[in-house]
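K.L.:
Contents of final_12.txt (compact mmCIF, C-alpha atoms and all ligand atoms):
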```txt
# COMPACT_ATOMS: atom_id res chain seq x y z
CA MET A 1057 120.22 216.77 -35.50
CA LYS A 1058 116.55 216.26 -34.96
CA ILE A 1059 113.61 218.29 -36.20
CA ASP A 1060 111.27 219.50 -33.53
CA LYS A 1061 107.51 218.92 -33.83
CA THR A 1062 106.87 222.60 -33.18
CA GLN A 1063 109.01 223.53 -36.21
CA ILE A 1064 106.75 221.39 -38.38
CA GLN A 1065 103.65 222.79 -36.76
CA LYS A 1066 104.76 226.38 -37.35
CA HIS A 1067 105.58 225.63 -40.97
CA ASN A 1068 102.23 223.92 -41.56
CA ASP A 1069 100.23 226.67 -39.86
CA LYS A 1070 101.68 229.22 -42.25
CA LEU A 1071 100.71 227.21 -45.33
CA TYR A 1072 97.50 225.65 -44.09
CA SER A 1073 94.72 227.85 -45.47
CA ALA A 1074 96.09 227.98 -49.04
CA HIS A 1075 96.66 224.22 -48.91
CA GLN A 1076 93.19 223.48 -47.63
CA ARG A 1077 91.56 225.42 -50.46
CA LYS A 1078 93.33 223.28 -53.03
CA VAL A 1079 92.52 219.99 -51.30
CA LYS A 1080 88.85 220.90 -51.03
CA GLN A 1081 88.66 221.58 -54.74
CA LEU A 1082 90.31 218.26 -55.60
CA VAL A 1083 88.06 216.33 -53.24
CA ASN A 1084 85.00 218.00 -54.79
CA GLU A 1085 86.12 217.12 -58.31
CA ASN A 1086 87.30 213.56 -57.62
CA PRO A 1087 85.00 211.21 -55.75
CA ILE A 1088 87.91 208.91 -54.88
CA ALA A 1089 90.31 211.63 -53.71
CA LYS A 1090 89.84 210.75 -50.03
CA ARG A 1091 90.68 207.12 -50.71
CA VAL A 1092 93.76 208.24 -52.58
CA ILE A 1093 94.90 210.27 -49.57
CA ASN A 1094 94.57 207.22 -47.28
CA LYS A 1095 96.55 205.06 -49.67
CA LEU A 1096 99.25 207.71 -49.85
CA VAL A 1097 99.55 207.72 -46.06
CA ASP A 1098 100.32 203.98 -46.10
CA PHE A 1099 102.81 204.12 -48.97
CA GLN A 1100 106.42 204.10 -47.76
CA ILE A 1101 109.56 204.21 -49.89
CA ALA A 1102 112.83 202.85 -48.56
CA ILE A 1103 115.96 204.99 -48.73
CA PRO A 1104 119.24 203.35 -49.75
CA SER A 1105 122.08 204.05 -47.35
CA TRP A 1106 124.38 204.86 -50.28
CA ALA A 1107 122.23 207.74 -51.55
CA LEU A 1108 122.86 209.89 -48.49
CA GLY A 1109 126.26 211.06 -49.67
CA THR A 1110 127.27 212.67 -52.93
CA GLY A 1111 127.47 210.10 -55.70
CA GLY A 1112 130.29 210.80 -58.04
CA THR A 1113 131.43 209.40 -61.32
CA ARG A 1114 134.63 207.75 -62.44
CA PHE A 1115 135.90 211.29 -63.10
CA GLY A 1116 135.36 212.81 -59.72
CA ARG A 1117 133.33 213.27 -56.62
CA PHE A 1118 132.38 216.63 -55.15
CA SER A 1119 131.37 216.20 -51.54
CA GLY A 1120 128.67 218.60 -50.41
CA GLY A 1121 129.58 218.66 -46.72
CA GLY A 1122 127.96 217.13 -43.65
CA GLU A 1123 127.72 213.70 -45.25
CA PRO A 1124 127.02 210.84 -42.83
CA ARG A 1125 130.28 209.27 -41.66
CA ASN A 1126 128.85 206.03 -40.31
CA LEU A 1127 125.74 203.91 -40.11
CA GLU A 1128 124.41 205.82 -37.11
CA GLU A 1129 124.53 209.08 -39.06
CA LYS A 1130 122.97 207.46 -42.12
CA ILE A 1131 120.04 206.30 -39.98
CA SER A 1132 119.76 209.75 -38.51
CA ASP A 1133 119.62 211.25 -42.04
CA VAL A 1134 116.82 208.91 -43.09
CA GLY A 1135 115.14 209.80 -39.79
CA LEU A 1136 115.25 213.46 -40.86
CA LEU A 1137 113.65 212.61 -44.20
CA HIS A 1138 110.97 210.54 -42.54
CA CYS A 1139 110.23 213.28 -40.06
CA LEU A 1140 109.76 215.74 -42.92
CA ASN A 1141 107.64 213.55 -45.19
CA LYS A 1142 106.48 210.50 -43.15
CA SER A 1143 106.97 208.50 -46.34
CA SER A 1144 110.54 207.25 -45.94
CA GLY A 1145 110.11 204.86 -43.05
CA ALA A 1146 112.79 202.36 -44.04
CA ILE A 1147 116.49 202.17 -44.84
CA SER A 1148 118.18 199.69 -47.14
CA LEU A 1149 121.70 198.70 -46.11
CA HIS A 1150 124.63 197.68 -48.26
CA ILE A 1151 127.08 195.17 -46.79
CA PRO A 1152 129.99 195.53 -46.05
CA TRP A 1153 129.61 199.33 -46.23
CA ASP A 1154 127.02 199.28 -43.42
CA ILE A 1155 127.99 196.50 -41.03
CA PRO A 1156 126.69 197.58 -37.60
CA SER A 1157 129.20 197.72 -34.79
CA SER A 1158 126.38 196.83 -32.40
CA THR A 1159 123.20 195.36 -33.84
CA ARG A 1160 121.31 196.08 -30.64
CA LYS A 1161 122.21 199.78 -30.64
CA ILE A 1162 121.50 200.19 -34.36
CA LYS A 1163 118.10 198.56 -33.97
CA ALA A 1164 117.28 200.85 -31.06
CA LEU A 1165 118.37 203.88 -33.08
CA ALA A 1166 116.13 202.86 -35.98
CA VAL A 1167 113.17 202.46 -33.61
CA GLU A 1168 113.88 205.91 -32.19
CA HIS A 1169 113.55 207.35 -35.71
CA GLY A 1170 110.52 205.20 -36.60
CA LEU A 1171 112.46 203.28 -39.25
CA GLN A 1172 112.49 199.70 -40.42
CA PHE A 1173 115.21 197.79 -42.25
CA ASP A 1174 114.35 197.17 -45.86
CA ALA A 1175 116.19 194.77 -48.18
CA VAL A 1176 119.88 194.19 -47.45
CA ASN A 1177 122.25 194.37 -50.42
CA SER A 1178 125.34 192.32 -51.07
CA ASN A 1179 128.46 193.59 -52.79
CA THR A 1180 130.51 191.39 -55.07
CA PHE A 1181 131.15 194.16 -57.57
CA GLN A 1182 134.15 195.50 -55.65
CA ASP A 1183 137.14 193.96 -53.92
CA GLN A 1184 137.24 194.87 -50.25
CA PRO A 1185 140.50 195.56 -48.39
CA GLY A 1186 141.98 192.27 -47.21
CA GLN A 1187 139.69 190.17 -49.41
CA LYS A 1188 141.34 186.90 -50.40
CA LEU A 1189 140.25 186.47 -54.01
CA SER A 1190 139.39 189.08 -56.62
CA TYR A 1191 136.09 189.67 -58.43
CA LYS A 1192 137.86 191.15 -61.43
CA PHE A 1193 136.44 188.41 -63.65
CA GLY A 1194 133.12 188.09 -61.89
CA SER A 1195 131.78 186.56 -58.69
CA LEU A 1196 129.08 183.87 -58.93
CA GLN A 1197 129.95 183.25 -62.60
CA HIS A 1198 133.69 182.96 -61.96
CA VAL A 1199 135.66 180.10 -63.57
CA ASN A 1200 137.34 179.44 -60.20
CA ALA A 1201 135.08 177.61 -57.73
CA LYS A 1202 136.87 179.25 -54.78
CA VAL A 1203 135.91 182.72 -55.98
CA ARG A 1204 132.33 181.56 -56.42
CA GLN A 1205 132.33 180.14 -52.90
CA GLN A 1206 133.65 183.40 -51.48
CA ALA A 1207 130.78 185.27 -53.17
CA ILE A 1208 128.24 182.74 -51.89
CA ASP A 1209 129.60 183.00 -48.35
CA HIS A 1210 129.42 186.79 -48.52
CA ASN A 1211 125.77 186.71 -49.56
CA ILE A 1212 124.92 184.28 -46.76
CA ASP A 1213 126.69 186.60 -44.36
CA VAL A 1214 124.58 189.50 -45.65
CA ILE A 1215 121.44 187.49 -44.93
CA LYS A 1216 122.70 186.94 -41.36
CA HIS A 1217 123.22 190.68 -40.85
CA GLY A 1218 119.77 191.36 -42.29
CA LYS A 1219 118.14 188.74 -40.11
CA ALA A 1220 119.69 190.20 -36.98
CA LEU A 1221 118.31 193.64 -37.89
CA GLY A 1222 114.81 192.44 -38.76
CA SER A 1223 115.08 192.83 -42.51
CA ASN A 1224 113.24 190.28 -44.63
CA SER A 1225 114.75 190.42 -48.10
CA ILE A 1226 118.06 190.46 -49.91
CA THR A 1227 118.72 192.22 -53.19
CA ILE A 1228 121.46 190.73 -55.29
CA TRP A 1229 122.91 192.83 -58.04
CA LEU A 1230 125.73 191.11 -59.89
CA SER A 1231 128.12 193.06 -62.07
CA ASP A 1232 129.23 189.76 -63.61
CA GLY A 1233 129.58 189.56 -67.35
CA SER A 1234 132.22 190.08 -70.00
CA CYS A 1235 133.78 193.00 -71.83
CA PHE A 1236 134.83 191.21 -75.01
CA PRO A 1237 133.41 188.59 -77.35
CA GLY A 1238 134.89 185.20 -76.62
CA GLN A 1239 135.80 186.06 -73.03
CA LEU A 1240 132.97 184.02 -71.55
CA ASN A 1241 130.94 180.91 -72.23
CA PHE A 1242 127.44 182.33 -71.70
CA ARG A 1243 125.90 178.96 -70.80
CA LYS A 1244 128.56 178.10 -68.24
CA ALA A 1245 128.38 181.61 -66.76
CA PHE A 1246 124.61 181.25 -66.38
CA GLN A 1247 124.84 177.75 -64.86
CA ARG A 1248 127.51 178.74 -62.36
CA THR A 1249 125.57 181.84 -61.37
CA LEU A 1250 122.40 179.79 -60.95
CA GLU A 1251 124.18 177.24 -58.75
CA GLY A 1252 125.56 180.03 -56.58
CA LEU A 1253 122.17 181.67 -56.27
CA GLN A 1254 120.68 178.30 -55.34
CA GLU A 1255 123.07 177.97 -52.42
CA ILE A 1256 122.24 181.49 -51.25
CA TYR A 1257 118.54 180.79 -51.71
CA ALA A 1258 118.85 177.73 -49.50
CA ALA A 1259 120.11 179.99 -46.70
CA LEU A 1260 117.06 182.29 -46.84
CA PRO A 1261 114.86 182.30 -43.74
CA SER A 1262 111.36 181.05 -44.55
CA ASN A 1263 109.68 184.47 -44.59
CA TRP A 1264 112.38 186.07 -46.74
CA LYS A 1265 112.39 187.12 -50.39
CA MET A 1266 115.33 187.20 -52.76
CA PHE A 1267 115.38 189.96 -55.37
CA VAL A 1268 117.46 189.34 -58.47
CA GLU A 1269 118.33 192.69 -60.05
CA TYR A 1270 119.24 192.94 -63.72
CA LYS A 1271 121.23 195.50 -65.63
CA ALA A 1272 121.85 195.81 -69.37
CA PHE A 1273 125.45 197.04 -69.30
CA GLU A 1274 128.16 198.52 -67.05
CA PRO A 1275 130.59 197.62 -65.62
CA ASN A 1276 130.70 194.93 -68.28
CA PHE A 1277 130.14 196.19 -71.79
CA TYR A 1278 129.77 193.13 -73.97
CA SER A 1279 127.54 190.87 -71.87
CA MET A 1280 125.96 190.94 -68.43
CA THR A 1281 125.16 187.62 -66.81
CA VAL A 1282 121.92 189.04 -65.41
CA GLY A 1283 121.41 191.47 -68.26
CA ASP A 1284 117.68 191.86 -68.65
CA TRP A 1285 114.34 190.92 -67.17
CA GLY A 1286 114.24 187.68 -69.18
CA GLN A 1287 117.44 186.44 -67.59
CA SER A 1288 116.42 187.61 -64.13
CA TYR A 1289 113.06 185.88 -64.63
CA LEU A 1290 114.85 182.66 -65.61
CA TYR A 1291 116.93 182.69 -62.43
CA ALA A 1292 113.93 183.64 -60.27
CA SER A 1293 111.76 180.89 -61.77
CA LYS A 1294 114.40 178.22 -61.40
CA LEU A 1295 115.18 179.29 -57.84
CA GLY A 1296 111.64 179.03 -56.48
CA ALA A 1297 108.74 180.86 -54.88
CA LYS A 1298 110.84 183.16 -52.71
CA ALA A 1299 112.85 184.56 -55.64
CA TYR A 1300 111.67 187.57 -57.64
CA THR A 1301 112.85 189.97 -60.30
CA LEU A 1302 113.77 193.47 -59.21
CA VAL A 1303 113.30 196.30 -61.68
CA ASP A 1304 115.77 199.18 -61.48
CA LEU A 1305 114.48 201.86 -63.82
CA GLY A 1306 117.94 202.89 -65.01
CA HIS A 1307 119.01 199.38 -65.95
CA HIS A 1308 117.34 199.16 -69.34
CA LEU A 1309 118.48 199.94 -72.83
CA PRO A 1310 117.16 203.28 -74.13
CA ASN A 1311 113.45 203.41 -74.94
CA ALA A 1312 112.67 200.03 -73.33
CA ASN A 1313 108.98 199.71 -72.50
CA ILE A 1314 109.44 199.28 -68.76
CA GLU A 1315 105.72 199.46 -68.01
CA GLN A 1316 105.09 196.42 -70.19
CA ILE A 1317 107.86 194.50 -68.40
CA VAL A 1318 106.25 195.42 -65.09
CA SER A 1319 102.82 194.30 -66.23
CA LEU A 1320 103.98 190.87 -67.38
CA LEU A 1321 106.20 190.20 -64.36
CA LEU A 1322 103.25 191.06 -62.13
CA MET A 1323 101.01 188.74 -64.13
CA GLU A 1324 103.48 185.92 -63.50
CA GLY A 1325 103.75 186.75 -59.80
CA LYS A 1326 107.47 187.34 -60.21
CA LEU A 1327 107.79 191.08 -59.73
CA GLY A 1328 109.53 191.61 -56.41
CA GLY A 1329 110.26 195.26 -56.20
CA PHE A 1330 111.73 198.45 -57.53
CA HIS A 1331 114.75 200.63 -57.56
CA PHE A 1332 113.45 204.04 -58.57
CA ASN A 1333 115.58 206.63 -60.31
CA ASP A 1334 115.52 208.43 -63.63
CA SER A 1335 117.84 208.54 -66.59
CA LYS A 1336 118.34 209.94 -70.03
CA TYR A 1337 121.10 207.68 -71.32
CA GLY A 1338 121.70 204.70 -69.04
CA ASP A 1339 122.20 204.02 -65.37
CA ASP A 1340 122.32 207.76 -64.67
CA ASP A 1341 120.85 207.46 -61.16
CA LEU A 1342 119.14 210.85 -61.47
CA THR A 1343 116.29 212.09 -59.29
CA VAL A 1344 113.09 210.11 -59.80
CA GLY A 1345 110.73 211.93 -62.16
CA SER A 1346 113.31 214.51 -63.20
CA ILE A 1347 113.66 213.38 -66.83
CA ASN A 1348 110.59 211.37 -67.74
CA PRO A 1349 107.72 211.72 -65.26
CA TYR A 1350 105.22 210.40 -67.81
CA GLN A 1351 107.02 207.08 -67.97
CA LEU A 1352 106.94 206.89 -64.19
CA PHE A 1353 103.19 207.49 -64.28
CA LEU A 1354 102.71 204.78 -66.93
CA ILE A 1355 104.69 202.35 -64.77
CA PHE A 1356 102.48 203.13 -61.76
CA ASN A 1357 99.44 202.80 -63.96
CA GLU A 1358 100.45 199.20 -64.72
CA LEU A 1359 101.39 198.59 -61.11
CA VAL A 1360 98.01 199.68 -59.78
CA GLU A 1361 96.17 197.75 -62.49
CA GLY A 1362 98.24 194.60 -62.07
CA MET A 1363 98.34 194.64 -58.28
CA ASP A 1364 94.58 195.15 -58.07
CA ALA A 1365 94.05 192.28 -60.51
CA ARG A 1366 95.99 190.03 -58.12
CA LYS A 1367 94.43 191.60 -55.03
CA MET A 1368 97.80 192.69 -53.74
CA ASN A 1369 98.44 195.24 -51.03
CA HIS A 1370 99.99 198.28 -52.71
CA ALA A 1371 101.98 199.31 -49.67
CA THR A 1372 103.43 196.00 -48.56
CA ASP A 1373 103.43 193.36 -51.30
CA LEU A 1374 106.26 194.79 -53.37
CA GLY A 1375 109.60 196.28 -52.31
CA TRP A 1376 109.65 200.04 -52.98
CA MET A 1377 113.06 201.59 -52.94
CA ILE A 1378 115.00 204.48 -54.40
CA ASP A 1379 118.40 203.78 -55.96
CA ALA A 1380 119.97 207.06 -56.97
CA SER A 1381 123.15 208.93 -56.32
CA HIS A 1382 124.67 211.76 -58.25
CA ASN A 1383 127.01 214.68 -58.02
CA VAL A 1384 125.27 217.99 -57.96
CA LYS A 1385 122.36 218.19 -55.51
CA ASP A 1386 122.11 218.05 -51.77
CA PRO A 1387 121.41 214.32 -51.38
CA LEU A 1388 118.67 214.85 -48.79
CA GLU A 1389 116.83 217.42 -50.88
CA ASP A 1390 117.21 215.09 -53.84
CA LEU A 1391 115.65 212.21 -51.91
CA LEU A 1392 112.74 214.40 -50.81
CA GLN A 1393 112.15 215.22 -54.47
CA SER A 1394 112.36 211.54 -55.45
CA VAL A 1395 109.87 210.41 -52.81
CA GLU A 1396 107.50 213.20 -53.85
CA ALA A 1397 107.76 212.20 -57.53
CA ILE A 1398 106.93 208.58 -56.67
CA LYS A 1399 103.92 209.57 -54.61
CA ILE A 1400 102.66 211.92 -57.32
CA ALA A 1401 102.88 209.17 -59.96
CA TYR A 1402 101.17 206.70 -57.61
CA ALA A 1403 98.35 209.18 -56.84
CA GLN A 1404 97.84 209.91 -60.53
CA ALA A 1405 97.68 206.19 -61.30
CA LEU A 1406 95.05 205.74 -58.59
CA LEU A 1407 92.96 208.42 -60.30
CA VAL A 1408 92.84 206.59 -63.64
CA ASN A 1409 89.26 205.64 -64.43
CA ARG A 1410 89.84 201.89 -64.83
CA ARG A 1411 86.35 200.96 -65.89
CA GLU A 1412 86.30 203.58 -68.63
CA LEU A 1413 89.80 202.66 -69.77
CA ASN A 1414 88.85 199.02 -70.01
CA ARG A 1415 85.76 199.95 -72.02
CA ALA A 1416 87.83 202.08 -74.41
CA GLN A 1417 90.38 199.27 -74.84
CA GLU A 1418 87.73 196.68 -75.61
CA ALA A 1419 86.19 199.05 -78.16
CA ASN A 1420 89.53 199.86 -79.83
CA ASP A 1421 88.89 203.48 -78.93
CA VAL A 1422 92.50 204.59 -78.96
CA VAL A 1423 91.75 208.29 -78.63
CA ARG A 1424 89.52 207.77 -75.61
CA ALA A 1425 92.12 205.53 -73.94
CA GLN A 1426 94.75 208.25 -74.26
CA GLU A 1427 92.33 210.89 -72.96
CA ILE A 1428 91.61 208.79 -69.88
CA LEU A 1429 95.27 208.24 -69.07
CA GLN A 1430 96.22 211.85 -69.63
CA GLN A 1431 93.25 213.16 -67.69
CA ALA A 1432 94.78 211.47 -64.64
CA TYR A 1433 98.36 212.39 -65.52
CA ARG A 1434 97.55 216.05 -65.97
CA THR A 1435 95.72 216.35 -62.66
CA ASP A 1436 97.79 218.29 -60.17
CA VAL A 1437 97.71 215.83 -57.28
CA ARG A 1438 100.35 217.58 -55.20
CA PRO A 1439 97.76 218.86 -52.68
CA LEU A 1440 96.64 215.24 -52.08
CA VAL A 1441 100.23 214.15 -51.44
CA ALA A 1442 100.69 217.11 -49.09
CA GLU A 1443 97.42 216.31 -47.33
CA ALA A 1444 98.61 212.75 -46.70
CA ARG A 1445 101.75 214.18 -45.10
CA LEU A 1446 99.71 216.59 -42.99
CA LYS A 1447 97.51 213.74 -41.74
CA ASP A 1448 100.62 211.92 -40.61
CA GLY A 1449 102.18 214.90 -38.84
CA ALA A 1450 104.76 215.68 -41.52
CA ALA A 1451 105.52 218.93 -43.34
CA LEU A 1452 103.31 220.37 -46.07
CA GLN A 1453 106.41 221.44 -48.03
CA PRO A 1454 109.36 219.29 -46.87
CA ILE A 1455 112.05 220.93 -49.01
CA GLN A 1456 110.98 224.40 -48.01
CA LEU A 1457 111.14 223.46 -44.33
CA PHE A 1458 114.50 221.71 -44.86
CA ARG A 1459 115.85 225.01 -46.21
CA ASP A 1460 114.04 227.31 -43.77
CA ILE A 1461 115.61 225.61 -40.75
CA ASP A 1462 119.02 225.17 -42.42
CA VAL A 1463 119.29 221.42 -41.99
CA ARG A 1464 122.41 221.12 -44.14
CA LYS A 1465 124.18 223.91 -42.24
CA GLN A 1466 123.44 222.08 -38.99
CA LEU A 1467 124.79 218.81 -40.39
CA ILE A 1468 127.98 220.52 -41.54
CA LEU A 1469 128.42 222.04 -38.09
CA GLU A 1470 127.94 218.62 -36.47
CA ARG A 1471 129.97 216.52 -38.89
CA GLY A 1472 132.29 218.89 -40.71
CA LEU A 1473 132.60 220.05 -44.29
CA LYS A 1474 134.91 217.36 -45.58
CA THR A 1475 133.10 214.14 -44.78
CA PHE A 1476 132.64 211.21 -47.13
CA ALA A 1477 129.86 208.69 -46.89
CA THR A 1478 130.62 205.14 -48.01
CA GLY A 1479 129.05 204.11 -51.27
CA LEU A 1480 129.86 204.60 -54.89
C1 LIG B 1501 124.10 199.54 -58.87
C2 LIG B 1501 122.83 198.77 -58.83
C3 LIG B 1501 122.60 198.05 -57.54
C4 LIG B 1501 123.65 198.31 -56.54
C5 LIG B 1501 124.03 199.75 -56.45
C6 LIG B 1501 125.23 199.97 -55.60
O1 LIG B 1501 121.78 199.56 -59.22
O2 LIG B 1501 121.33 198.28 -57.01
O3 LIG B 1501 123.29 197.80 -55.31
O4 LIG B 1501 124.26 200.33 -57.72
O5 LIG B 1501 125.51 201.30 -55.42
O6 LIG B 1501 124.14 200.32 -60.04
MN MN B 1502 119.73 199.27 -58.32
MN MN B 1503 122.08 201.11 -60.91
```
As structure tokens - that is how I would like this structure written.
Ligand code: AFD
Ligand code: MN
Ligand code: MN

P.N.:
Amino acid sequence: MKIDKTQIQKHNDKLYSAHQRKVKQLVNENPIAKRVINKLVDFQIAIPSWALGTGGTRFGRFSGGGEPRNLEEKISDVGLLHCLNKSSGAISLHIPWDIPSSTRKIKALAVEHGLQFDAVNSNTFQDQPGQKLSYKFGSLQHVNAKVRQQAIDHNIDVIKHGKALGSNSITIWLSDGSCFPGQLNFRKAFQRTLEGLQEIYAALPSNWKMFVEYKAFEPNFYSMTVGDWGQSYLYASKLGAKAYTLVDLGHHLPNANIEQIVSLLLMEGKLGGFHFNDSKYGDDDLTVGSINPYQLFLIFNELVEGMDARKMNHATDLGWMIDASHNVKDPLEDLLQSVEAIKIAYAQALLVNRRELNRAQEANDVVRAQEILQQAYRTDVRPLVAEARLKDGAALQPIQLFRDIDVRKQLILERGLKTFATGL
């Protein structure tokens, strides 16, 4: 299905006067509010193809109906999101789940929906039907050189698919590691993984980036071969200028200071991008901002500070992506909430009075520093985020419009109730 411009117009007309009152007040109180709105217009967050269906756990999966059955329908779903919020202008594909049957047609479809192809993702954490050798004991770290080669070849193949679609980065998440002490020689596992990554790196087109994603635990529970930002940073440094660390918010041990990690990676020029989600216990893949919105704000605070220090372009110099998938919400409504949470945190971080904060820090004025941060965090910036959408022709209240026009009912009518999207 497609959303008609007049549906958006009607929705916005109804909400306009109340919205405008709130924006006016914010603009009067914050001299930089207009600049914030313009930055919000530019800021796009890529949608992962695997978040469009219901997630599931190892215990079960409860499909919500109308899930996209193929790549075309996944693109159409992201098109719906982008139409509603004009902030989700890219899709991130996972290979082999999303191999296009016709690259030309898929590219044309993406153009039709105003979408670009974000990072492509490889998959060596599962065995595919008909696959020759198993990844049960790892992929790039494997003791058998033939398994390693198979994983290398797969990643190079993923780059080829991405290149054909116009993507310009690959994200590599390895589930490699060990479940029991003694199972693995850490040094050999690292060296083998590095050698594999080097071969993949050599196949990168010149304008491409490689993102090395880390994760503390799961599916391996004793060691992960790319287990934290230190290890990812080691690989990225040894690989070269096109390799970067990717931070997935759910991939840390509880209470990790993610904002500090972000700040230092940025300082070293090795932060590549993000997988946004939220969690209470581990890699929960919950809606961004649903558990700990303050942490998200603190992360964006470091991002804005660090990117400005390096004169980076907020919208384009890092990879911004959601990585979430769970059991209980409508996935499209969930993604609208996630994008909104990201934009709210970004807007709040832009409102932080940097000069004052710097002055407070240099004077050891701890109380003042907290006041400055929380002044920004406690500002209700939602009207600014909505105004950015309005400027771009999107809906003032995307979720409300999604419900008012019964998008999910339409999708179920088109695709059926019992459909299953590929993914985890
Ligand atoms: C994993 C990782 C990684 C991977 C994804 C697959 O976060 O980004 O690509 O899930 O579904 O947990
Ligand atoms: Mn991830
Ligand atoms: Mn994850």

K.L.:
Could you pull the residues within 10 Å of range 1179-1182 of chain A, counting all atoms listed in the file, minus those fewer than 4 positions along the same chain, as a list in words?

P.N.:
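Everything that qualifies: His1150, Ile1151, Pro1152, Trp1153, Gln1187, Ser1190, Tyr1191, Lys1192, Phe1193, Gly1194, Ser1195, Leu1196, Gln1206, Ala1207, Ile1208, His1210, Asn1211, Val1214, Thr1227, Ile1228, Trp1229, Leu1230, Ser1231, Asp1232 and Pro1275 of chain A.
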
K.L.:
Would you kindly return, as a ChimeraX atom specification, each protein, DNA or RNA residue with an atom no farther than 12 Å from any atom of Gly1116 in chain A, considering all atoms listed in the file and excluding same-chain residues fewer than 4 positions away?

P.N.:
/A:1110-1112,1382-1384,1480

K.L.:
Would you mind telling me which residue in A:Gly1218, A:Gly1449, A:Gly1238, A:Gly1329 lies nearest to ligand MN 1502 (chain B) when using all atoms listed in the file?

P.N.:
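Once distances to ligand MN 1502 (chain B) are computed over all atoms listed in the file, the minimum belongs to A:Gly1329.
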
K.L.:
Using only C-alpha atoms and all ligand atoms, can you tell me which of A:Val1134, A:Leu1253, A:Val1344, A:Leu1305 comes closest to ligand MN 1502 (chain B)?

P.N.:
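So, comparing all the options, the nearest one is A:Leu1305.
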
K.L.:
Quick one: residues within 8 Å of Ala1245 in chain A, only C-alpha atoms, excluding same-chain residues fewer than 5 positions away - as an NGL selection string?

P.N.:
:A and (1197-1198 or 1240 or 1281)

K.L.:
Please identify every residue of range 1132-1156 of chain A that has at least one atom no farther than 10 Å from an atom of range 1221-1226 of chain A, counting only C-alpha atoms, and for each give the shortest atom pair and the distance in Å to one decimal, arranged by chain then increasing number, as a tab-separated table.

P.N.:
```
residue	atom	partner	partner_atom	distance
A:Ala1146	CA	A:Ser1223	CA	9.9
A:Ile1147	CA	A:Ser1223	CA	9.7
A:Ser1148	CA	A:Ser1223	CA	8.8
A:Leu1149	CA	A:Ser1223	CA	9.6
A:His1150	CA	A:Ile1226	CA	9.9
A:Pro1156	CA	A:Leu1221	CA	9.3
```

K.L.:
As a PDB file, in the frame of the given file, could you write out range 1419-1431 of chain A once it has been completed with N, CA and C atoms?

P.N.:
```pdb
ATOM      1  N   ALA A1419      86.857 198.490 -76.979  1.00  0.00           N
ATOM      2  CA  ALA A1419      86.190 199.050 -78.160  1.00  0.00           C
ATOM      3  C   ALA A1419      87.197 199.589 -79.182  1.00  0.00           C
ATOM      4  N   ASN A1420      88.471 199.306 -78.968  1.00  0.00           N
ATOM      5  CA  ASN A1420      89.530 199.860 -79.830  1.00  0.00           C
ATOM      6  C   ASN A1420      89.449 201.368 -79.949  1.00  0.00           C
ATOM      7  N   ASP A1421      88.989 202.024 -78.888  1.00  0.00           N
ATOM      8  CA  ASP A1421      88.890 203.480 -78.930  1.00  0.00           C
ATOM      9  C   ASP A1421      90.200 204.077 -78.409  1.00  0.00           C
ATOM     10  N   VAL A1422      91.137 204.198 -79.320  1.00  0.00           N
ATOM     11  CA  VAL A1422      92.500 204.590 -78.960  1.00  0.00           C
ATOM     12  C   VAL A1422      92.543 206.021 -78.419  1.00  0.00           C
ATOM     13  N   VAL A1423      91.766 206.887 -79.058  1.00  0.00           N
ATOM     14  CA  VAL A1423      91.750 208.290 -78.630  1.00  0.00           C
ATOM     15  C   VAL A1423      91.225 208.401 -77.203  1.00  0.00           C
ATOM     16  N   ARG A1424      90.138 207.722 -76.940  1.00  0.00           N
ATOM     17  CA  ARG A1424      89.520 207.770 -75.610  1.00  0.00           C
ATOM     18  C   ARG A1424      90.492 207.220 -74.548  1.00  0.00           C
ATOM     19  N   ALA A1425      91.167 206.138 -74.894  1.00  0.00           N
ATOM     20  CA  ALA A1425      92.120 205.530 -73.940  1.00  0.00           C
ATOM     21  C   ALA A1425      93.207 206.546 -73.566  1.00  0.00           C
ATOM     22  N   GLN A1426      93.718 207.237 -74.551  1.00  0.00           N
ATOM     23  CA  GLN A1426      94.750 208.250 -74.260  1.00  0.00           C
ATOM     24  C   GLN A1426      94.181 209.379 -73.412  1.00  0.00           C
ATOM     25  N   GLU A1427      92.961 209.812 -73.743  1.00  0.00           N
ATOM     26  CA  GLU A1427      92.330 210.890 -72.960  1.00  0.00           C
ATOM     27  C   GLU A1427      92.208 210.493 -71.495  1.00  0.00           C
ATOM     28  N   ILE A1428      91.819 209.256 -71.263  1.00  0.00           N
ATOM     29  CA  ILE A1428      91.610 208.790 -69.880  1.00  0.00           C
ATOM     30  C   ILE A1428      92.938 208.803 -69.113  1.00  0.00           C
ATOM     31  N   LEU A1429      93.966 208.265 -69.740  1.00  0.00           N
ATOM     32  CA  LEU A1429      95.270 208.240 -69.070  1.00  0.00           C
ATOM     33  C   LEU A1429      95.754 209.655 -68.785  1.00  0.00           C
ATOM     34  N   GLN A1430      95.644 210.518 -69.795  1.00  0.00           N
ATOM     35  CA  GLN A1430      96.220 211.850 -69.630  1.00  0.00           C
ATOM     36  C   GLN A1430      95.369 212.752 -68.745  1.00  0.00           C
ATOM     37  N   GLN A1431      94.099 212.437 -68.646  1.00  0.00           N
ATOM     38  CA  GLN A1431      93.250 213.160 -67.690  1.00  0.00           C
ATOM     39  C   GLN A1431      93.824 212.974 -66.274  1.00  0.00           C
TER      40      GLN A1431
END
```
